[in-house]
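Peer 1: Structure file final-v4.txt (compact mmCIF, C-alpha atoms) is given on the next line.
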```txt
# COMPACT_ATOMS: atom_id res chain seq x y z
CA MET A 323 -31.83 33.47 -17.65
CA HIS A 324 -32.15 36.30 -20.15
CA ARG A 325 -32.87 35.48 -23.78
CA SER A 326 -29.67 37.24 -24.76
CA GLN A 327 -27.09 39.72 -23.53
CA ILE A 328 -25.80 42.82 -25.30
CA THR A 329 -22.44 44.05 -24.04
CA ILE A 330 -21.07 47.50 -24.88
CA ASP A 331 -17.31 47.92 -24.41
CA LEU A 332 -16.58 51.62 -23.89
CA ALA A 333 -12.83 51.05 -23.74
CA ALA A 334 -12.99 49.68 -27.30
CA LEU A 335 -14.94 52.76 -28.38
CA ARG A 336 -12.30 55.05 -26.93
CA ARG A 337 -9.59 53.13 -28.78
CA ASN A 338 -11.55 53.52 -32.01
CA ALA A 339 -11.86 57.24 -31.36
CA ARG A 340 -8.11 57.54 -30.94
CA THR A 341 -7.56 55.52 -34.14
CA LEU A 342 -9.80 57.93 -36.03
CA LEU A 343 -8.06 60.95 -34.52
CA ARG A 344 -4.74 59.62 -35.77
CA SER A 345 -6.21 59.23 -39.25
CA LEU A 346 -7.62 62.76 -39.13
CA ALA A 347 -4.16 64.17 -38.37
CA GLY A 348 -5.31 67.35 -36.65
CA SER A 349 -8.91 67.65 -37.83
CA GLU A 350 -11.60 67.41 -35.18
CA LEU A 351 -13.54 64.21 -34.54
CA TRP A 352 -17.30 64.69 -34.23
CA ALA A 353 -19.05 61.61 -32.86
CA VAL A 354 -22.26 60.62 -34.65
CA VAL A 355 -24.57 59.16 -31.99
CA LYS A 356 -27.93 59.27 -33.77
CA ALA A 357 -30.37 56.34 -33.58
CA ASP A 358 -29.39 55.75 -29.94
CA GLY A 359 -25.75 55.58 -30.87
CA TYR A 360 -26.40 53.12 -33.72
CA GLY A 361 -28.09 50.87 -31.16
CA HIS A 362 -25.16 51.06 -28.73
CA GLY A 363 -26.71 53.54 -26.27
CA ALA A 364 -26.28 57.22 -27.13
CA ALA A 365 -25.45 58.57 -23.67
CA ASP A 366 -22.89 55.87 -22.93
CA VAL A 367 -21.03 56.16 -26.21
CA ALA A 368 -21.25 59.96 -26.28
CA GLY A 369 -19.53 60.21 -22.93
CA ALA A 370 -16.80 57.78 -23.97
CA ALA A 371 -16.23 59.55 -27.29
CA LEU A 372 -15.98 62.99 -25.69
CA GLY A 373 -13.61 61.59 -23.10
CA ALA A 374 -11.39 60.21 -25.87
CA GLY A 375 -11.10 63.51 -27.71
CA ALA A 376 -14.25 64.01 -29.77
CA THR A 377 -15.23 67.68 -29.75
CA ALA A 378 -18.89 67.49 -30.80
CA LEU A 379 -21.85 65.13 -30.92
CA CYS A 380 -24.00 64.73 -34.04
CA VAL A 381 -27.60 63.50 -34.04
CA ALA A 382 -30.45 63.35 -36.54
CA THR A 383 -33.27 65.05 -34.64
CA VAL A 384 -33.88 67.74 -32.05
CA PRO A 385 -35.48 65.23 -29.61
CA GLU A 386 -32.32 63.11 -29.79
CA ALA A 387 -30.25 66.20 -29.02
CA LEU A 388 -32.45 67.25 -26.11
CA GLU A 389 -32.01 63.85 -24.48
CA LEU A 390 -28.24 64.20 -24.73
CA ARG A 391 -28.28 67.78 -23.49
CA ARG A 392 -29.52 66.58 -20.10
CA ASP A 393 -26.43 64.42 -19.68
CA PHE A 394 -23.96 66.73 -21.42
CA PRO A 395 -24.85 70.33 -20.57
CA ALA A 396 -21.63 71.77 -22.01
CA ALA A 397 -21.19 69.60 -25.11
CA ARG A 398 -21.40 70.90 -28.65
CA ILE A 399 -24.38 69.11 -30.23
CA VAL A 400 -25.19 69.35 -33.94
CA VAL A 401 -28.62 68.32 -35.28
CA MET A 402 -28.10 67.10 -38.85
CA GLY A 403 -31.75 66.55 -39.82
CA PRO A 404 -34.41 69.20 -40.54
CA ALA A 405 -36.11 70.93 -37.62
CA GLY A 406 -39.69 72.21 -37.43
CA ASN A 407 -40.69 75.64 -36.14
CA ARG A 408 -41.31 74.47 -32.58
CA GLU A 409 -38.07 72.52 -32.59
CA VAL A 410 -36.09 75.62 -33.61
CA GLY A 411 -37.20 77.27 -30.37
CA GLN A 412 -36.21 74.18 -28.40
CA ALA A 413 -32.83 74.16 -30.13
CA ARG A 414 -32.29 77.82 -29.28
CA ASP A 415 -33.11 77.23 -25.62
CA ALA A 416 -30.86 74.16 -25.42
CA ARG A 417 -27.93 75.79 -27.27
CA LEU A 418 -28.02 73.25 -30.09
CA GLU A 419 -26.63 73.80 -33.59
CA LEU A 420 -28.85 73.16 -36.60
CA VAL A 421 -28.07 72.06 -40.14
CA VAL A 422 -30.00 73.96 -42.80
CA GLY A 423 -30.20 72.77 -46.39
CA SER A 424 -33.25 74.70 -47.62
CA GLY A 425 -35.55 77.55 -46.70
CA GLU A 426 -34.89 80.48 -44.41
CA LEU A 427 -32.26 80.48 -41.70
CA PRO A 428 -33.59 80.39 -38.13
CA SER A 429 -32.62 83.30 -35.90
CA GLY A 430 -30.83 83.09 -32.59
CA VAL A 431 -29.30 79.67 -33.19
CA ASN A 432 -25.97 78.59 -34.65
CA VAL A 433 -26.36 77.12 -38.13
CA HIS A 434 -24.39 74.87 -40.48
CA LEU A 435 -25.26 75.36 -44.15
CA LYS A 436 -25.42 72.10 -46.07
CA LEU A 437 -24.39 72.12 -49.71
CA ASP A 438 -25.46 69.27 -51.97
CA THR A 439 -22.28 68.34 -53.83
CA GLY A 440 -23.64 65.13 -55.34
CA MET A 441 -25.57 63.10 -52.77
CA GLY A 442 -28.84 64.31 -54.32
CA ARG A 443 -30.68 64.38 -51.03
CA TRP A 444 -30.64 67.21 -48.46
CA GLY A 445 -28.75 70.40 -49.25
CA LEU A 446 -28.51 73.69 -51.12
CA SER A 447 -27.71 73.58 -54.82
CA GLU A 448 -25.62 76.73 -54.46
CA LEU A 449 -23.90 78.18 -51.41
CA PRO A 450 -24.92 81.76 -50.56
CA ALA A 451 -22.70 84.20 -48.68
CA PRO A 452 -23.13 82.94 -45.10
CA PRO A 453 -24.74 85.39 -42.67
CA VAL A 454 -23.54 85.82 -39.11
CA GLU A 455 -25.62 82.93 -37.69
CA VAL A 456 -23.65 80.43 -39.79
CA VAL A 457 -20.80 78.73 -37.95
CA GLY A 458 -20.17 75.81 -40.30
CA LEU A 459 -20.36 74.60 -43.89
CA MET A 460 -20.90 70.94 -44.73
CA SER A 461 -21.78 68.38 -47.35
CA HIS A 462 -22.13 64.60 -47.53
CA LEU A 463 -20.20 62.15 -49.69
CA ALA A 464 -22.22 59.59 -51.64
CA THR A 465 -19.61 56.98 -52.59
CA ALA A 466 -16.66 57.21 -50.20
CA ASP A 467 -16.86 53.44 -49.68
CA THR A 468 -17.21 52.50 -53.35
CA ASP A 469 -16.26 55.08 -56.01
CA ALA A 470 -13.02 57.03 -55.57
CA ALA A 471 -13.39 59.17 -58.70
CA TYR A 472 -16.84 60.47 -57.75
CA THR A 473 -15.69 61.02 -54.18
CA GLU A 474 -12.71 63.10 -55.28
CA TRP A 475 -15.02 65.11 -57.55
CA GLN A 476 -17.32 65.86 -54.61
CA ILE A 477 -14.39 66.80 -52.39
CA GLU A 478 -13.06 69.25 -54.96
CA ARG A 479 -16.52 70.72 -55.55
CA PHE A 480 -16.90 71.31 -51.81
CA ARG A 481 -13.40 72.78 -51.58
CA ARG A 482 -14.06 75.30 -54.36
CA ALA A 483 -17.48 76.31 -53.03
CA THR A 484 -16.28 76.85 -49.46
CA ALA A 485 -12.84 78.33 -50.14
CA PRO A 486 -14.00 81.96 -49.65
CA TYR A 487 -15.32 81.05 -46.20
CA SER A 488 -12.43 79.09 -44.70
CA HIS A 489 -12.88 81.00 -41.44
CA LEU A 490 -15.97 78.84 -40.83
CA THR A 491 -15.80 75.21 -39.70
CA ARG A 492 -15.90 73.03 -42.82
CA HIS A 493 -16.82 69.36 -42.49
CA LEU A 494 -17.38 66.79 -45.21
CA ALA A 495 -15.96 63.37 -44.28
CA ALA A 496 -17.81 60.60 -42.49
CA SER A 497 -16.16 57.34 -41.42
CA ALA A 498 -15.15 56.01 -44.84
CA ALA A 499 -13.58 59.27 -46.00
CA ALA A 500 -11.95 59.85 -42.62
CA LEU A 501 -10.10 56.56 -43.08
CA ARG A 502 -9.36 56.74 -46.81
CA TYR A 503 -9.35 60.34 -48.12
CA PRO A 504 -6.96 62.84 -46.51
CA SER A 505 -8.29 65.53 -48.85
CA ALA A 506 -11.74 65.22 -47.23
CA ARG A 507 -10.58 66.03 -43.69
CA PHE A 508 -11.06 69.82 -43.71
CA ASP A 509 -11.71 71.02 -40.14
CA ALA A 510 -13.76 68.14 -38.74
CA ALA A 511 -15.08 64.70 -39.66
CA ARG A 512 -18.44 63.26 -38.59
CA CYS A 513 -17.70 59.64 -37.70
CA GLY A 514 -20.33 57.11 -36.73
CA ILE A 515 -19.95 53.52 -37.89
CA ALA A 516 -16.16 53.36 -37.47
CA LEU A 517 -16.45 54.74 -33.94
CA TYR A 518 -18.42 51.59 -33.08
CA GLY A 519 -15.71 49.36 -34.53
CA LEU A 520 -17.66 48.43 -37.63
CA SER A 521 -16.18 48.73 -41.10
CA PRO A 522 -17.71 51.31 -43.45
CA PHE A 523 -16.35 49.14 -46.25
CA GLY A 524 -18.01 45.88 -45.17
CA THR A 525 -14.64 44.24 -44.50
CA ASP A 526 -12.96 43.05 -41.31
CA PRO A 527 -12.74 46.19 -39.13
CA ALA A 528 -9.32 45.09 -37.89
CA GLU A 529 -7.95 46.05 -41.31
CA ASP A 530 -8.41 49.68 -40.25
CA GLY A 531 -7.39 49.15 -36.65
CA LEU A 532 -10.97 49.16 -35.37
CA GLU A 533 -12.49 47.00 -32.62
CA PRO A 534 -16.21 46.11 -32.43
CA VAL A 535 -17.81 47.79 -29.43
CA LEU A 536 -20.95 45.65 -29.31
CA SER A 537 -21.14 41.94 -28.63
CA TRP A 538 -24.36 39.93 -28.54
CA THR A 539 -24.60 36.54 -26.90
CA SER A 540 -27.28 33.99 -26.12
CA HIS A 541 -27.41 30.27 -25.36
CA ILE A 542 -28.78 26.93 -26.47
CA ALA A 543 -32.28 26.57 -25.06
CA GLN A 544 -32.98 23.12 -26.51
CA THR A 545 -31.39 20.52 -28.78
CA ARG A 546 -33.15 18.13 -31.11
CA LEU A 547 -32.01 15.19 -33.19
CA LEU A 548 -33.54 15.33 -36.64
CA ARG A 549 -33.87 12.01 -38.48
CA GLU A 550 -33.34 11.83 -42.22
CA GLY A 551 -36.25 13.65 -43.90
CA GLU A 552 -37.25 15.62 -40.77
CA SER A 553 -37.18 19.41 -40.80
CA THR A 554 -36.97 22.43 -38.53
CA GLY A 555 -38.78 25.73 -38.76
CA TYR A 556 -41.44 27.36 -40.90
CA GLY A 557 -41.65 26.30 -44.51
CA ARG A 558 -39.41 23.24 -43.99
CA ARG A 559 -36.49 25.17 -45.51
CA PHE A 560 -34.05 22.82 -43.81
CA VAL A 561 -34.63 19.10 -44.23
CA ALA A 562 -32.08 16.75 -42.70
CA GLU A 563 -30.30 14.54 -45.22
CA ARG A 564 -29.01 12.36 -42.38
CA GLU A 565 -29.28 12.33 -38.60
CA THR A 566 -28.49 15.91 -37.56
CA TRP A 567 -28.38 17.63 -34.20
CA ILE A 568 -29.77 21.15 -34.12
CA GLY A 569 -29.72 23.70 -31.32
CA ILE A 570 -32.51 26.19 -30.73
CA VAL A 571 -31.39 29.69 -29.70
CA PRO A 572 -34.07 31.92 -28.10
CA VAL A 573 -33.44 34.93 -30.37
CA GLY A 574 -35.27 35.84 -33.56
CA TYR A 575 -36.25 38.73 -35.77
CA ALA A 576 -38.21 40.43 -32.98
CA ASP A 577 -34.86 40.73 -31.20
CA GLY A 578 -33.16 42.09 -34.30
CA PHE A 579 -31.75 38.85 -35.68
CA ARG A 580 -33.07 39.27 -39.20
CA ARG A 581 -35.16 36.68 -41.01
CA ASP A 582 -32.74 36.72 -43.96
CA LEU A 583 -29.76 35.63 -41.84
CA THR A 584 -30.33 31.95 -42.62
CA GLY A 585 -26.96 30.58 -43.67
CA THR A 586 -24.82 32.87 -41.56
CA GLN A 587 -22.61 31.45 -38.82
CA LEU A 588 -22.72 31.80 -35.04
CA ARG A 589 -20.15 30.62 -32.52
CA VAL A 590 -21.53 27.77 -30.40
CA ALA A 591 -19.33 26.40 -27.62
CA GLY A 592 -16.43 28.16 -29.30
CA GLU A 593 -17.04 26.67 -32.78
CA LEU A 594 -18.66 28.25 -35.83
CA ARG A 595 -22.04 26.72 -36.63
CA ARG A 596 -24.44 27.44 -39.50
CA VAL A 597 -27.91 28.93 -39.03
CA VAL A 598 -30.41 26.62 -40.70
CA GLY A 599 -34.10 26.78 -41.49
CA THR A 600 -36.25 29.89 -41.26
CA VAL A 601 -35.41 32.45 -38.60
CA SER A 602 -38.63 32.97 -36.64
CA MET A 603 -39.79 35.80 -34.42
CA ASP A 604 -38.34 34.36 -31.23
CA ALA A 605 -35.97 31.56 -32.22
CA VAL A 606 -33.23 30.50 -34.58
CA ALA A 607 -31.81 27.03 -35.26
CA VAL A 608 -28.14 26.16 -35.65
CA GLU A 609 -26.71 22.94 -37.06
CA LEU A 610 -24.56 21.04 -34.55
CA ASP A 611 -22.16 18.13 -34.83
CA ARG A 612 -23.25 16.64 -31.50
CA ASP A 613 -25.70 17.02 -28.65
CA LEU A 614 -24.89 19.97 -26.40
CA PRO A 615 -26.26 20.86 -22.96
CA VAL A 616 -28.87 23.55 -22.42
CA ALA A 617 -27.22 26.92 -21.61
CA THR A 618 -24.25 26.27 -23.91
CA PRO A 619 -22.99 29.78 -24.91
CA VAL A 620 -23.82 31.15 -28.36
CA VAL A 621 -22.17 34.26 -29.83
CA LEU A 622 -24.33 36.12 -32.33
CA ILE A 623 -21.99 39.13 -32.80
CA GLY A 624 -18.50 39.67 -31.43
CA HIS A 625 -15.58 37.47 -30.42
CA GLY A 626 -14.73 36.76 -34.04
CA VAL A 627 -18.33 36.66 -35.31
CA LEU A 628 -18.39 39.73 -37.54
CA ALA A 629 -21.47 41.85 -38.10
CA GLU A 630 -19.96 42.52 -41.52
CA GLU A 631 -20.33 38.83 -42.41
CA HIS A 632 -23.95 38.80 -41.24
CA ALA A 633 -24.57 41.87 -43.39
CA ARG A 634 -23.08 40.11 -46.41
CA VAL A 635 -25.40 37.13 -45.94
CA ALA A 636 -28.45 39.38 -45.49
CA GLY A 637 -27.55 41.66 -48.38
CA THR A 638 -27.51 44.73 -46.18
CA ILE A 639 -25.06 46.86 -44.17
CA THR A 640 -23.88 46.67 -40.57
CA TYR A 641 -25.58 50.00 -39.80
CA GLU A 642 -29.00 48.42 -40.26
CA LEU A 643 -28.14 45.28 -38.31
CA VAL A 644 -26.93 46.98 -35.13
CA CYS A 645 -29.62 49.67 -35.17
CA ARG A 646 -32.30 46.97 -35.14
CA ILE A 647 -31.04 44.95 -32.16
CA ASP A 648 -33.64 45.24 -29.41
CA SER A 649 -31.85 46.02 -26.15
CA GLY A 650 -35.07 46.56 -24.19
CA ALA A 651 -35.30 44.81 -20.84
CA SER A 652 -38.09 42.52 -22.06
CA ARG A 653 -35.83 41.08 -24.74
CA ALA A 654 -32.22 41.30 -23.57
CA ARG A 655 -29.89 42.11 -20.73
CA ARG A 656 -27.74 45.13 -21.58
CA VAL A 657 -24.33 45.42 -19.94
CA VAL A 658 -21.88 48.30 -20.27
CA VAL A 659 -18.26 47.50 -19.48
CA ASP A 660 -15.28 49.84 -19.34
CA GLY A 661 -11.81 48.43 -19.66
```
What's the structure tokens form of this structure?

Peer 2:
Amino acid sequence: MHRSQITIDLAALRRNARTLLRSLAGSELWAVVKADGYGHGAADVAGAALGAGATALCVATVPEALELRRDFPAARIVVMGPAGNREVGQARDARLELVVGSGELPSGVNVHLKLDTGMGRWGLSELPAPPVEVVGLMSHLATADTDAAYTEWQIERFRRATAPYSHLTRHLAASAAALRYPSARFDAARCGIALYGLSPFGTDPAEDGLEPVLSWTSHIAQTRLLREGESTGYGRRFVAERETWIGIVPVGYADGFRRDLTGTQLRVAGELRRVVGTVSMDAVAVELDRDLPVATPVVLIGHGVLAEEHARVAGTITYELVCRIDSGASRARRVVVDG
């Protein structure tokens, strides 16, 4: 039996893509599939997104783009991170598009100029008159999930700066703005987290009509009855106040189940149960109300167990949680379903 199973539902991803396209009301959907599709499998999700109406793929690095180019020879692929000299040549040969936010423009490759409108990270402080190699103009919103006033200020700044060049493809919105700010749509939106059915706002994704694409399941490998005063795990962080059954699940922080997820809830035999004690490298303990047989199903993410709730407990965001799940064959069984 595998330690755990990661299931990717491509039909759910296509439904999310169509939900985003409805929100965009005519603007293009560009699927962000960097970091191996946020841990979902870049090639699988890229194919599903393109099939559902996405018109481009966005990645962070040239090597990520080159991997996708083998599977998608005709797709439009935009590299959003900086590229070195050697990588510019590779991008030219592979017909990739590069984002440039500083320095000289590379020759012989389509370019998107990035304007810093308030993120304070990558980007030009002022937008020059775009030369012929430039096919797009872009920026990145800093607070689309938290601060409406600052977001609207960035949108207007981008609108004014790019107005003379409306013949070029202008793209500003990511998932949060695609769902909440019609004024940020422009010609295309670069959507990642919402495409995977995860909320950019840290709330239940169903509120925006989204369905989680990834589910993660395991099983009870052992149960133990703790007597009053007995503990489980490193540091004795959980000490039984009365006789308490615990179940040991063979997943830990080496698998991507973070050490700071103590206190979150998993679904065991269909019921929500609390994670107790210290999450270790290869195991986690859950508090039970009774003895359960070995191999009893445990849901870590999916089927009503929200990654957003795990992120709240850990003080992080869903992006980080799903990107860190180890789907390698030595740790998990990965299954892709469609329909």

Peer 1: State, in Å with one decimal place, the distance from atom CA of Asp660 of chain A to atom CA of Gly531 of chain A.

Peer 2: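 Between these atoms lies a distance of 19.0 Å.
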
Peer 1: Which neighbours of segment 358-364 of chain A fall inside 9 Å, counting all atoms listed in the file, when residues of the same chain fewer than 2 positions from it are skipped, and could you give them as a PDB file with C-alpha atoms, in the frame of the given file?

Peer 2:
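Saved file out22.pdb follows:
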```
ATOM      1  CA  ILE A 328     -25.800  42.820 -25.300  1.00  0.00           C
ATOM      2  CA  THR A 329     -22.440  44.050 -24.040  1.00  0.00           C
ATOM      3  CA  ILE A 330     -21.070  47.500 -24.880  1.00  0.00           C
ATOM      4  CA  VAL A 354     -22.260  60.620 -34.650  1.00  0.00           C
ATOM      5  CA  VAL A 355     -24.570  59.160 -31.990  1.00  0.00           C
ATOM      6  CA  LYS A 356     -27.930  59.270 -33.770  1.00  0.00           C
ATOM      7  CA  ASP A 366     -22.890  55.870 -22.930  1.00  0.00           C
ATOM      8  CA  VAL A 367     -21.030  56.160 -26.210  1.00  0.00           C
ATOM      9  CA  ALA A 368     -21.250  59.960 -26.280  1.00  0.00           C
ATOM     10  CA  GLY A 369     -19.530  60.210 -22.930  1.00  0.00           C
ATOM     11  CA  VAL A 381     -27.600  63.500 -34.040  1.00  0.00           C
ATOM     12  CA  GLU A 386     -32.320  63.110 -29.790  1.00  0.00           C
ATOM     13  CA  LEU A 390     -28.240  64.200 -24.730  1.00  0.00           C
ATOM     14  CA  GLY A 514     -20.330  57.110 -36.730  1.00  0.00           C
ATOM     15  CA  ILE A 515     -19.950  53.520 -37.890  1.00  0.00           C
ATOM     16  CA  TYR A 518     -18.420  51.590 -33.080  1.00  0.00           C
ATOM     17  CA  VAL A 535     -17.810  47.790 -29.430  1.00  0.00           C
ATOM     18  CA  LEU A 536     -20.950  45.650 -29.310  1.00  0.00           C
ATOM     19  CA  TYR A 641     -25.580  50.000 -39.800  1.00  0.00           C
ATOM     20  CA  GLU A 642     -29.000  48.420 -40.260  1.00  0.00           C
ATOM     21  CA  VAL A 644     -26.930  46.980 -35.130  1.00  0.00           C
ATOM     22  CA  CYS A 645     -29.620  49.670 -35.170  1.00  0.00           C
ATOM     23  CA  ARG A 646     -32.300  46.970 -35.140  1.00  0.00           C
ATOM     24  CA  ILE A 647     -31.040  44.950 -32.160  1.00  0.00           C
ATOM     25  CA  ASP A 648     -33.640  45.240 -29.410  1.00  0.00           C
ATOM     26  CA  SER A 649     -31.850  46.020 -26.150  1.00  0.00           C
TER      27      SER A 649
END
```

Peer 1: Looking at only C-alpha atoms, which of A:Thr640, A:Ser540, A:Thr468, A:Thr554 is the one that sits closest to Val616 of chain A?

Peer 2: A:Ser540

Peer 1: Which of these, A:Asp604, A:Tyr575, A:Thr539, A:Val384, has the shortest distance to Gln327 of chain A once you count all atoms listed in the file?

Peer 2: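 Among the listed residues, the smallest separation from Gln327 of chain A belongs to A:Thr539.
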
Peer 1: Nearest residue to Val410 of chain A out of A:Ala396, A:Val431, A:Leu517, A:Leu379, using all atoms listed in the file?

Peer 2: A:Val431

Peer 1: Taking all atoms listed in the file into account, name the residue in A:Leu594, A:Val571, A:Leu342, A:Ala607 that is nearest to Ser553 of chain A.

Peer 2: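 Under the stated criterion, the closest residue is A:Ala607.
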
Peer 1: Pick out the closest residue to Leu449 of chain A from this set: A:His434, A:Arg559, A:Arg507, A:Arg656. Count all atoms listed in the file.

Peer 2: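 The closest residue to Leu449 of chain A is A:His434.
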
Peer 1: Give the answer as one residue: which of A:Ala510, A:Ile568, A:Ala516, A:Ala339 has the shortest atom-to-atom distance to Glu552 of chain A, using all atoms listed in the file?

Peer 2: A:Ile568

Peer 1: For atom CA of Glu409 of chain A and atom CA of Trp444 of chain A, quote the distance in Å rounded to one decimal.

Peer 2: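 Computed distance, atom CA of Glu409 of chain A to atom CA of Trp444 of chain A, equals 18.3 Å.
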
Peer 1: Calculate, to one decimal in Å, the centre and edge lengths of the box along x, y and z of the file that holds all listed atoms of segment 567-577 of chain A with 4 Å of margin on each side, and present them as JSON.

Peer 2:
```
{"center_x": -33.3, "center_y": 29.2, "center_z": -31.9, "size_x": 17.8, "size_y": 31.1, "size_z": 15.7}
```

Peer 1: Distance cut-off 9 Å, centre (-29.3, 19.6, -36.1) in file coordinates, counting only C-alpha atoms: which residues qualify? Return them as number ranges by chain.

Peer 2: A: 545-548, 554, 562, 565-569, 598, 607-613

Peer 1: Please indicate the distance in Å from atom CA of Glu389 of chain A to atom CA of Ala365 of chain A, rounded to one decimal place.

Peer 2: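 Atom CA of Ala365 of chain A lies at a distance of 8.5 Å from atom CA of Glu389 of chain A.
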